[in-house]
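Asks: As input, take model.txt (compact mmCIF, C-alpha atoms):
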```txt
# COMPACT_ATOMS: atom_id res chain seq x y z
CA MET A 1 0.00 0.00 0.00
CA PHE A 2 2.77 2.49 0.92
CA GLU A 3 4.27 2.40 -2.58
CA ARG A 4 1.10 4.16 -3.76
CA PHE A 5 1.54 7.01 -1.27
CA THR A 6 2.44 10.42 -2.69
CA LYS A 7 5.31 12.35 -1.14
CA ASP A 8 3.04 14.40 1.14
CA ALA A 9 1.27 11.26 2.37
CA ARG A 10 4.64 9.64 3.14
CA PHE A 11 5.73 12.78 4.98
CA ALA A 12 2.56 12.54 7.08
CA VAL A 13 3.29 8.94 8.10
CA VAL A 14 6.90 9.76 8.97
CA GLY A 15 5.76 12.98 10.67
CA ALA A 16 3.28 11.03 12.80
CA GLN A 17 6.17 8.92 14.07
CA GLU A 18 8.21 12.02 14.90
CA ILE A 19 5.24 13.53 16.75
CA ALA A 20 4.87 10.28 18.72
CA ILE A 21 8.57 10.41 19.67
CA GLU A 22 8.29 14.05 20.75
CA ALA A 23 5.18 13.31 22.80
CA HIS A 24 6.73 10.13 24.29
CA SER A 25 3.69 8.26 22.98
CA GLY A 26 3.84 4.49 23.20
CA GLN A 27 1.72 4.17 20.05
CA ILE A 28 0.85 6.16 16.94
CA ASP A 29 -2.87 6.77 16.55
CA SER A 30 -5.03 8.75 14.14
CA ARG A 31 -4.43 11.99 16.07
CA HIS A 32 -0.68 11.83 15.36
CA LEU A 33 -1.51 11.45 11.67
CA LEU A 34 -3.89 14.40 11.86
CA VAL A 35 -1.24 16.65 13.42
CA ALA A 36 1.30 15.60 10.79
CA LEU A 37 -1.17 16.35 7.97
CA ALA A 38 -2.11 19.70 9.48
CA GLU A 39 1.52 20.77 9.87
CA GLU A 40 2.67 19.85 6.36
CA ASP A 41 1.79 21.78 3.20
CA GLY A 42 -0.47 19.72 0.99
CA PRO A 43 -4.09 18.95 0.08
CA ALA A 44 -5.05 18.02 3.66
CA ARG A 45 -3.73 21.21 5.18
CA SER A 46 -5.31 23.39 2.52
CA ALA A 47 -8.67 21.62 2.96
CA LEU A 48 -8.50 22.31 6.70
CA THR A 49 -7.54 25.94 6.12
CA ASP A 50 -10.23 26.48 3.49
CA SER A 51 -12.87 25.12 5.86
CA GLY A 52 -12.17 28.17 8.01
CA LEU A 53 -10.37 26.28 10.78
CA ASP A 54 -7.53 27.90 12.69
CA VAL A 55 -5.03 25.17 11.85
CA ALA A 56 -2.45 26.29 14.43
CA GLU A 57 -5.13 26.07 17.11
CA LEU A 58 -6.25 22.66 15.83
CA VAL A 59 -2.65 21.41 16.09
CA ARG A 60 -2.35 22.81 19.60
CA GLN A 61 -5.56 21.12 20.73
CA ALA A 62 -4.65 17.82 19.06
CA ARG A 63 -1.22 17.77 20.72
CA ALA A 64 -2.75 18.58 24.12
CA ASN A 65 -5.25 15.78 23.55
CA ILE A 66 -2.43 13.34 22.69
CA ASN A 67 -0.45 14.35 25.78
CA ALA A 68 -3.44 14.08 28.10
CA GLY A 69 -3.94 10.43 27.17
CA ASP A 70 -0.29 9.59 27.70
CA ALA A 71 1.06 8.18 30.93
CA LEU A 72 3.81 10.79 30.80
CA ASP A 73 1.45 13.77 30.72
CA PRO A 74 3.43 17.05 30.78
CA ALA A 75 0.52 18.99 32.31
CA ALA A 76 0.14 16.45 35.14
CA LEU A 77 3.88 16.68 35.84
CA ALA A 78 3.82 20.49 35.70
CA ALA A 79 1.09 20.35 38.34
CA VAL A 80 3.59 18.95 40.82
CA GLY A 81 6.36 21.30 39.71
CA ILE A 82 8.19 19.12 37.18
CA ASP A 83 9.11 20.57 33.80
CA LEU A 84 9.08 17.60 31.41
CA ASP A 85 10.90 19.58 28.72
CA GLU A 86 13.78 20.17 31.12
CA VAL A 87 13.82 16.51 32.23
CA THR A 88 13.84 15.49 28.55
CA ARG A 89 16.71 17.88 27.78
CA ARG A 90 18.88 16.60 30.63
CA THR A 91 18.04 12.97 29.96
CA GLU A 92 18.95 13.31 26.30
CA ALA A 93 22.27 14.92 27.25
CA THR A 94 23.28 11.61 28.86
CA PHE A 95 21.27 9.01 26.97
CA GLY A 96 20.89 10.50 23.50
CA GLU A 97 18.04 11.88 21.44
CA GLY A 98 14.62 10.39 22.09
CA ALA A 99 15.87 8.59 25.22
CA LEU A 100 12.66 8.95 27.23
CA ALA A 101 10.53 7.65 24.38
CA ARG A 102 12.96 4.74 23.90
CA ALA A 103 12.70 4.00 27.62
CA GLY A 104 8.92 3.84 27.27
CA ARG A 105 9.37 1.23 24.56
CA ILE A 106 11.88 -0.74 26.68
CA LEU A 107 9.26 -0.86 29.43
CA ARG A 108 6.69 -2.16 26.99
CA GLY A 109 9.05 -4.63 25.44
CA ARG A 110 9.42 -2.86 22.12
CA ARG A 111 12.77 -1.40 21.40
CA LYS A 112 12.77 0.06 17.91
CA HIS A 113 9.44 0.81 16.29
CA ILE A 114 6.49 2.70 17.67
CA PRO A 115 3.47 0.64 16.63
CA PHE A 116 0.37 2.05 14.96
CA THR A 117 -2.87 1.56 16.85
CA ARG A 118 -5.68 -0.39 15.23
CA ASP A 119 -7.46 2.95 14.79
CA ALA A 120 -4.50 4.39 12.84
CA LYS A 121 -4.22 1.29 10.64
CA LYS A 122 -7.93 1.44 9.95
CA SER A 123 -7.61 5.10 8.94
CA LEU A 124 -4.86 4.19 6.46
CA GLU A 125 -7.01 1.40 5.01
CA LEU A 126 -9.94 3.79 4.69
CA ALA A 127 -7.63 6.28 2.93
CA LEU A 128 -6.88 3.57 0.37
CA ARG A 129 -10.60 2.95 -0.09
CA GLU A 130 -11.27 6.67 -0.47
CA ALA A 131 -8.58 6.88 -3.16
CA ILE A 132 -10.17 3.93 -5.01
CA ARG A 133 -13.62 5.49 -4.63
CA LEU A 134 -12.33 8.72 -6.18
CA GLY A 135 -10.62 6.84 -8.98
CA SER A 136 -7.11 7.78 -7.91
CA LYS A 137 -4.16 5.45 -8.33
CA GLU A 138 -2.22 7.34 -5.71
CA ILE A 139 -2.96 8.01 -2.07
CA ASP A 140 -2.25 11.61 -1.09
CA GLY A 141 -2.69 13.65 2.08
CA GLY A 142 -6.25 14.51 1.10
CA HIS A 143 -7.13 10.81 0.95
CA LEU A 144 -5.48 10.34 4.35
CA LEU A 145 -7.64 13.12 5.77
CA LEU A 146 -10.70 11.43 4.24
CA GLY A 147 -9.58 8.15 5.82
CA LEU A 148 -9.25 9.82 9.22
CA THR A 149 -12.75 11.28 9.03
CA ARG A 150 -14.74 8.52 7.29
CA ALA A 151 -15.56 6.69 10.52
CA GLU A 152 -15.45 7.55 14.20
CA SER A 153 -11.82 8.00 15.23
CA PRO A 154 -9.87 9.94 17.85
CA ALA A 155 -8.74 12.26 15.03
CA ARG A 156 -12.34 12.96 13.98
CA SER A 157 -13.25 13.72 17.60
CA VAL A 158 -10.36 16.18 17.87
CA LEU A 159 -11.47 17.84 14.63
CA SER A 160 -15.05 18.16 15.84
CA GLY A 161 -13.81 19.45 19.18
CA ALA A 162 -11.84 22.15 17.37
CA GLY A 163 -15.05 23.27 15.65
CA ALA A 164 -14.58 21.59 12.27
CA ASP A 165 -17.59 20.82 10.10
CA ILE A 166 -16.59 17.25 9.21
CA GLU A 167 -18.73 17.07 6.06
CA GLN A 168 -17.34 20.36 4.80
CA VAL A 169 -13.76 19.29 5.51
CA ARG A 170 -14.40 16.01 3.68
CA ASN A 171 -15.89 17.79 0.66
CA LEU A 172 -12.91 20.14 0.49
CA ALA A 173 -10.42 17.28 0.88
CA GLU A 174 -12.18 15.41 -1.90
CA GLY A 175 -11.91 18.47 -4.13
CA LYS A 176 -8.20 18.94 -3.40
CA SER A 177 -7.39 15.31 -4.09
CA ALA A 178 -9.49 15.20 -7.26
CA ALA A 179 -7.69 18.28 -8.56
CA ALA A 180 -4.26 16.83 -7.73
CA MET B 1 -2.96 28.06 32.95
CA SER B 2 0.03 29.53 34.79
CA GLN B 3 2.48 27.27 36.59
CA GLN B 4 1.20 28.64 39.88
CA ALA B 5 -2.41 27.89 39.03
CA LEU B 6 -1.45 24.36 37.99
CA VAL B 7 0.41 23.77 41.26
CA ALA B 8 -2.58 25.13 43.16
CA SER B 9 -4.91 22.76 41.31
CA ALA B 10 -2.66 19.77 42.10
CA ALA B 11 -2.66 20.68 45.76
CA GLY B 12 -6.40 21.23 45.55
CA ASP B 13 -9.18 18.84 46.30
CA ASP B 14 -9.78 17.07 43.00
CA PRO B 15 -8.39 13.53 43.33
CA ALA B 16 -8.38 13.12 39.53
CA ASP B 17 -5.65 15.77 39.16
CA GLY B 18 -3.58 14.35 42.00
CA LEU B 19 -3.86 10.79 40.70
CA ARG B 20 -2.90 11.83 37.18
CA ALA B 21 0.21 13.47 38.60
CA VAL B 22 1.09 10.29 40.52
CA ARG B 23 0.64 8.18 37.39
CA ALA B 24 2.87 10.52 35.37
CA LEU B 25 5.55 10.55 38.10
CA ARG B 26 5.55 6.74 38.24
CA GLU B 27 5.89 6.51 34.47
CA LEU B 28 8.75 9.04 34.52
CA ALA B 29 10.53 7.18 37.34
CA ASP B 30 10.11 3.85 35.51
CA ARG B 31 11.56 5.27 32.31
CA LEU B 32 14.53 6.88 34.06
CA GLU B 33 15.15 3.63 35.93
CA ALA B 34 15.18 1.65 32.68
CA LEU B 35 17.72 4.05 31.14
CA GLN B 36 19.94 4.19 34.23
CA VAL B 37 19.97 0.44 34.81
CA GLU B 38 20.76 -0.20 31.15
CA ARG B 39 23.68 2.23 31.30
CA ALA B 40 24.98 0.92 34.64
CA ARG B 41 25.01 -2.65 33.24
CA ARG B 42 26.88 -1.44 30.18
CA LEU B 43 29.43 0.24 32.46
CA GLY B 44 29.94 -3.09 34.24
CA TRP B 45 27.86 -2.62 37.38
CA SER B 46 26.70 -5.85 39.02
CA TRP B 47 23.01 -6.43 39.73
CA GLN B 48 23.97 -6.27 43.42
CA ASP B 49 25.47 -2.77 43.02
CA ILE B 50 22.43 -1.55 41.09
CA ALA B 51 20.04 -3.03 43.65
CA GLY B 52 21.95 -1.33 46.46
CA ALA B 53 21.78 2.04 44.73
CA LEU B 54 18.03 1.64 44.12
CA GLY B 55 17.41 0.40 47.64
CA VAL B 56 15.77 -2.84 46.53
CA SER B 57 16.76 -6.51 46.57
CA ARG B 58 19.08 -7.95 43.95
CA GLN B 59 16.37 -10.42 42.94
CA ALA B 60 13.86 -7.62 42.42
CA VAL B 61 16.08 -5.57 40.13
CA HIS B 62 17.29 -8.63 38.24
CA LYS B 63 13.77 -9.87 37.66
CA LYS B 64 12.56 -6.45 36.53
CA HIS B 65 15.40 -5.59 34.17
CA ASN B 66 17.35 -8.64 33.12
CA ARG B 67 15.04 -9.75 30.33
CA ARG B 68 14.86 -6.24 28.89
CA ILE B 69 18.53 -5.34 28.82
```
Before we go any further, please render this structure as structure tokens.
Replies:
Amino acid sequence: MFERFTKDARFAVVGAQEIAIEAHSGQIDSRHLLVALAEEDGPARSALTDSGLDVAELVRQARANINAGDALDPAALAAVGIDLDEVTRRTEATFGEGALARAGRILRGRRKHIPFTRDAKKSLELALREAIRLGSKEIDGGHLLLGLTRAESPARSVLSGAGADIEQVRNLAEGKSAAA
Amino acid sequence: MSQQALVASAAGDDPADGLRAVRALRELADRLEALQVERARRLGWSWQDIAGALGVSRQAVHKKHNRRI
């Protein structure tokens, strides 16, 4: 399936992994993909912008939502006076880049790859189906956004929470991908 | 929310906030322990030395970390 991904769709998948590392997430879910799509120029980002959403605010809310579900919640640590950014900086000075995230994977018995959740995998499969439905041989960021919003998903909830009109976003994404 | 307001809320009366903080602290401690133990082993520390530094039994630290590292 990945060989049919356009460059922006590949960037989104790689970006989702980087976001998961930054957030010390044990898994990559649809919200990580949403943040990656929203931060990268491409059909998905322009569909979100054209729908009238404040994309920077969407990204902020999505990241806060990701952090709040994580065991290593920066806000919860800040509440008892611990600055996770500072802990991360000092830890990386001794143990290398991404050390805290790696430690999370050691604890969970996975040392190299951050796995995708079932929800994220389903979103990618739905993106493929959306591309087929629209008669596209390639899967681009617009199709990924359609995949994230076709069924209930954490990403769709974050979008709704940020005030997005899901149907409008989907129509715009469809238009961007069709034009591409 | 300012840092001060966050600290005030943690010291406040909502158990949910306090419990979330405890969970996050435990996760942070577990991750730092994994990194430190891994490094100590690489530097040639015995399980006994590591256990002593952590204030736990040698069996406990060996059981927890040996299969991972």
Asks: Using only C-alpha atoms and a distance of at most 10 Å, pull out the residues of chain A that contact chain B, as a PDB file with C-alpha atoms, in the coordinates of the input.
Replies:
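Listed below is the output, out_9.pdb:
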```
ATOM      1  CA  ALA A  68      -3.440  14.080  28.100  1.00  0.00           C
ATOM      2  CA  ASP A  70      -0.290   9.590  27.700  1.00  0.00           C
ATOM      3  CA  ALA A  71       1.060   8.180  30.930  1.00  0.00           C
ATOM      4  CA  LEU A  72       3.810  10.790  30.800  1.00  0.00           C
ATOM      5  CA  ASP A  73       1.450  13.770  30.720  1.00  0.00           C
ATOM      6  CA  PRO A  74       3.430  17.050  30.780  1.00  0.00           C
ATOM      7  CA  ALA A  75       0.520  18.990  32.310  1.00  0.00           C
ATOM      8  CA  ALA A  76       0.140  16.450  35.140  1.00  0.00           C
ATOM      9  CA  LEU A  77       3.880  16.680  35.840  1.00  0.00           C
ATOM     10  CA  ALA A  78       3.820  20.490  35.700  1.00  0.00           C
ATOM     11  CA  ALA A  79       1.090  20.350  38.340  1.00  0.00           C
ATOM     12  CA  VAL A  80       3.590  18.950  40.820  1.00  0.00           C
ATOM     13  CA  GLY A  81       6.360  21.300  39.710  1.00  0.00           C
ATOM     14  CA  ILE A  82       8.190  19.120  37.180  1.00  0.00           C
ATOM     15  CA  ASP A  83       9.110  20.570  33.800  1.00  0.00           C
ATOM     16  CA  LEU A  84       9.080  17.600  31.410  1.00  0.00           C
ATOM     17  CA  VAL A  87      13.820  16.510  32.230  1.00  0.00           C
ATOM     18  CA  THR A  91      18.040  12.970  29.960  1.00  0.00           C
ATOM     19  CA  THR A  94      23.280  11.610  28.860  1.00  0.00           C
ATOM     20  CA  PHE A  95      21.270   9.010  26.970  1.00  0.00           C
ATOM     21  CA  ALA A  99      15.870   8.590  25.220  1.00  0.00           C
ATOM     22  CA  LEU A 100      12.660   8.950  27.230  1.00  0.00           C
ATOM     23  CA  ALA A 101      10.530   7.650  24.380  1.00  0.00           C
ATOM     24  CA  ARG A 102      12.960   4.740  23.900  1.00  0.00           C
ATOM     25  CA  ALA A 103      12.700   4.000  27.620  1.00  0.00           C
ATOM     26  CA  GLY A 104       8.920   3.840  27.270  1.00  0.00           C
ATOM     27  CA  ARG A 105       9.370   1.230  24.560  1.00  0.00           C
ATOM     28  CA  ILE A 106      11.880  -0.740  26.680  1.00  0.00           C
ATOM     29  CA  LEU A 107       9.260  -0.860  29.430  1.00  0.00           C
ATOM     30  CA  ARG A 108       6.690  -2.160  26.990  1.00  0.00           C
ATOM     31  CA  GLY A 109       9.050  -4.630  25.440  1.00  0.00           C
ATOM     32  CA  ARG A 110       9.420  -2.860  22.120  1.00  0.00           C
ATOM     33  CA  ARG A 111      12.770  -1.400  21.400  1.00  0.00           C
TER      34      ARG A 111
END
```
Asks: Show me, as a list in words, the residues that have an atom within 8 Å of Lys137 in chain A when counting all atoms listed in the file, minus same-chain residues fewer than 3 positions from it.
Replies: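 Listed by chain and then number, they are Arg4, Ala131 and Ile132 of chain A.
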Asks: Next, dump the selected residues to file, keeping only C-alpha atoms, as a PDB file, keeping the file's coordinate frame.
Replies:
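After the write, selection_18.pdb holds the following:
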```
ATOM      1  CA  ARG A   4       1.100   4.160  -3.760  1.00  0.00           C
ATOM      2  CA  ALA A 131      -8.580   6.880  -3.160  1.00  0.00           C
ATOM      3  CA  ILE A 132     -10.170   3.930  -5.010  1.00  0.00           C
TER       4      ILE A 132
END
```
Asks: Quick one: residues within 7 Å of range 19-35 of chain A, only C-alpha atoms counted, chain neighbours fewer than 4 positions away excluded, as a list in words?
Replies: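 Those residues are Ala12, Val13, Gly15, Glu39, Val59, Ala62, Asn67, Asp70, Gly98, Leu100, Ala101, Gly104, Arg105, Ile114, Pro115, Phe116, Thr117, Asp119, Ala120, Ser123, Leu148, Ser153, Pro154 and Ala155 of chain A.
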Asks: If you measure from CA of Lys121 in chain A to CA of Glu138 in chain A, what distance in Å do you get, rounded to one decimal?
Replies: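 Those two atoms sit 17.5 Å apart.
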Asks: To one decimal place, how far is CA of Leu145 in chain A from CA of Leu53 in chain A in Å?
Replies: 14.3 Å
Asks: Which residues come within 12 Å of Arg10 in chain A, counting only C-alpha atoms, excluding same-chain residues fewer than 2 positions away, as a list of chain:residue names?
Replies: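 Listed by chain and then number, they are A:Met1, A:Phe2, A:Glu3, A:Arg4, A:Phe5, A:Thr6, A:Lys7, A:Asp8, A:Ala12, A:Val13, A:Val14, A:Gly15, A:Ala16, A:Gln17, A:Leu33, A:Ala36, A:Leu37, A:Glu40, A:Gly42, A:Leu124, A:Glu138, A:Ile139, A:Asp140, A:Gly141, A:Leu144.
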Asks: Quick one: write out the picked residues with C-alpha atoms as a short mmCIF file (atom, residue, chain, number, x, y, z; two decimals), in the coordinates of the input?
Replies:
```
data_model
loop_
_atom_site.label_atom_id
_atom_site.label_comp_id
_atom_site.auth_asym_id
_atom_site.auth_seq_id
_atom_site.Cartn_x
_atom_site.Cartn_y
_atom_site.Cartn_z
CA MET A 1 0.00 0.00 0.00
CA PHE A 2 2.77 2.49 0.92
CA GLU A 3 4.27 2.40 -2.58
CA ARG A 4 1.10 4.16 -3.76
CA PHE A 5 1.54 7.01 -1.27
CA THR A 6 2.44 10.42 -2.69
CA LYS A 7 5.31 12.35 -1.14
CA ASP A 8 3.04 14.40 1.14
CA ALA A 12 2.56 12.54 7.08
CA VAL A 13 3.29 8.94 8.10
CA VAL A 14 6.90 9.76 8.97
CA GLY A 15 5.76 12.98 10.67
CA ALA A 16 3.28 11.03 12.80
CA GLN A 17 6.17 8.92 14.07
CA LEU A 33 -1.51 11.45 11.67
CA ALA A 36 1.30 15.60 10.79
CA LEU A 37 -1.17 16.35 7.97
CA GLU A 40 2.67 19.85 6.36
CA GLY A 42 -0.47 19.72 0.99
CA LEU A 124 -4.86 4.19 6.46
CA GLU A 138 -2.22 7.34 -5.71
CA ILE A 139 -2.96 8.01 -2.07
CA ASP A 140 -2.25 11.61 -1.09
CA GLY A 141 -2.69 13.65 2.08
CA LEU A 144 -5.48 10.34 4.35
#
```
Asks: How many Å separate CA of Ala47 in chain A from CA of Lys176 in chain A?
Replies: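 Going from CA of Ala47 in chain A over to CA of Lys176 in chain A, I get 6.9 Å.
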Asks: With a distance cut-off of 12 Å and all atoms listed in the file, select the neighbouring residues of Gly163 in chain A, excluding the residue or stretch itself and same-chain residues fewer than 5 positions from it, and output the selection as a list in words.
Replies: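 Near neighbours after the sequence-gap exclusion: Leu48, Ser51, Gly52, Leu53, Asp54, Val55, Glu57, Leu58, Gln61, Arg156, Ser157, Val158, Gln168 and Val169 of chain A.
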Asks: Starting from the incomplete input, reconstruct N, CA, C and O atoms of range 118-132 of chain A and report them as a tab-separated table (two decimals), keeping the file's coordinate frame.
Replies:
```tsv
chain	number	residue	atom	x	y	z
A	118	ARG	N	-4.72	0.16	16.17
A	118	ARG	CA	-5.68	-0.39	15.23
A	118	ARG	C	-6.44	0.75	14.54
A	118	ARG	O	-6.71	0.70	13.34
A	119	ASP	N	-6.75	1.78	15.32
A	119	ASP	CA	-7.46	2.95	14.79
A	119	ASP	C	-6.66	3.62	13.66
A	119	ASP	O	-7.22	3.99	12.63
A	120	ALA	N	-5.34	3.75	13.86
A	120	ALA	CA	-4.50	4.39	12.84
A	120	ALA	C	-4.42	3.52	11.59
A	120	ALA	O	-4.50	4.02	10.46
A	121	LYS	N	-4.28	2.21	11.79
A	121	LYS	CA	-4.22	1.29	10.64
A	121	LYS	C	-5.53	1.33	9.86
A	121	LYS	O	-5.53	1.32	8.63
A	122	LYS	N	-6.62	1.38	10.60
A	122	LYS	CA	-7.93	1.44	9.95
A	122	LYS	C	-8.06	2.72	9.12
A	122	LYS	O	-8.56	2.71	8.00
A	123	SER	N	-7.56	3.84	9.67
A	123	SER	CA	-7.61	5.10	8.94
A	123	SER	C	-6.82	5.02	7.64
A	123	SER	O	-7.24	5.55	6.61
A	124	LEU	N	-5.67	4.33	7.67
A	124	LEU	CA	-4.86	4.19	6.46
A	124	LEU	C	-5.58	3.31	5.43
A	124	LEU	O	-5.55	3.60	4.24
A	125	GLU	N	-6.24	2.26	5.92
A	125	GLU	CA	-7.01	1.40	5.01
A	125	GLU	C	-8.17	2.17	4.38
A	125	GLU	O	-8.45	2.03	3.19
A	126	LEU	N	-8.82	2.98	5.21
A	126	LEU	CA	-9.94	3.79	4.69
A	126	LEU	C	-9.43	4.82	3.68
A	126	LEU	O	-10.13	5.13	2.71
A	127	ALA	N	-8.21	5.33	3.89
A	127	ALA	CA	-7.63	6.28	2.93
A	127	ALA	C	-7.46	5.60	1.57
A	127	ALA	O	-7.74	6.20	0.52
A	128	LEU	N	-7.01	4.34	1.62
A	128	LEU	CA	-6.88	3.57	0.37
A	128	LEU	C	-8.24	3.43	-0.31
A	128	LEU	O	-8.38	3.64	-1.52
A	129	ARG	N	-9.26	3.11	0.48
A	129	ARG	CA	-10.60	2.95	-0.09
A	129	ARG	C	-11.14	4.26	-0.66
A	129	ARG	O	-11.81	4.26	-1.69
A	130	GLU	N	-10.83	5.36	0.02
A	130	GLU	CA	-11.27	6.67	-0.47
A	130	GLU	C	-10.59	6.98	-1.81
A	130	GLU	O	-11.24	7.49	-2.73
A	131	ALA	N	-9.31	6.64	-1.91
A	131	ALA	CA	-8.58	6.88	-3.16
A	131	ALA	C	-9.21	6.07	-4.29
A	131	ALA	O	-9.42	6.57	-5.40
A	132	ILE	N	-9.54	4.80	-4.00
A	132	ILE	CA	-10.17	3.93	-5.01
A	132	ILE	C	-11.53	4.50	-5.40
A	132	ILE	O	-11.87	4.61	-6.58
```
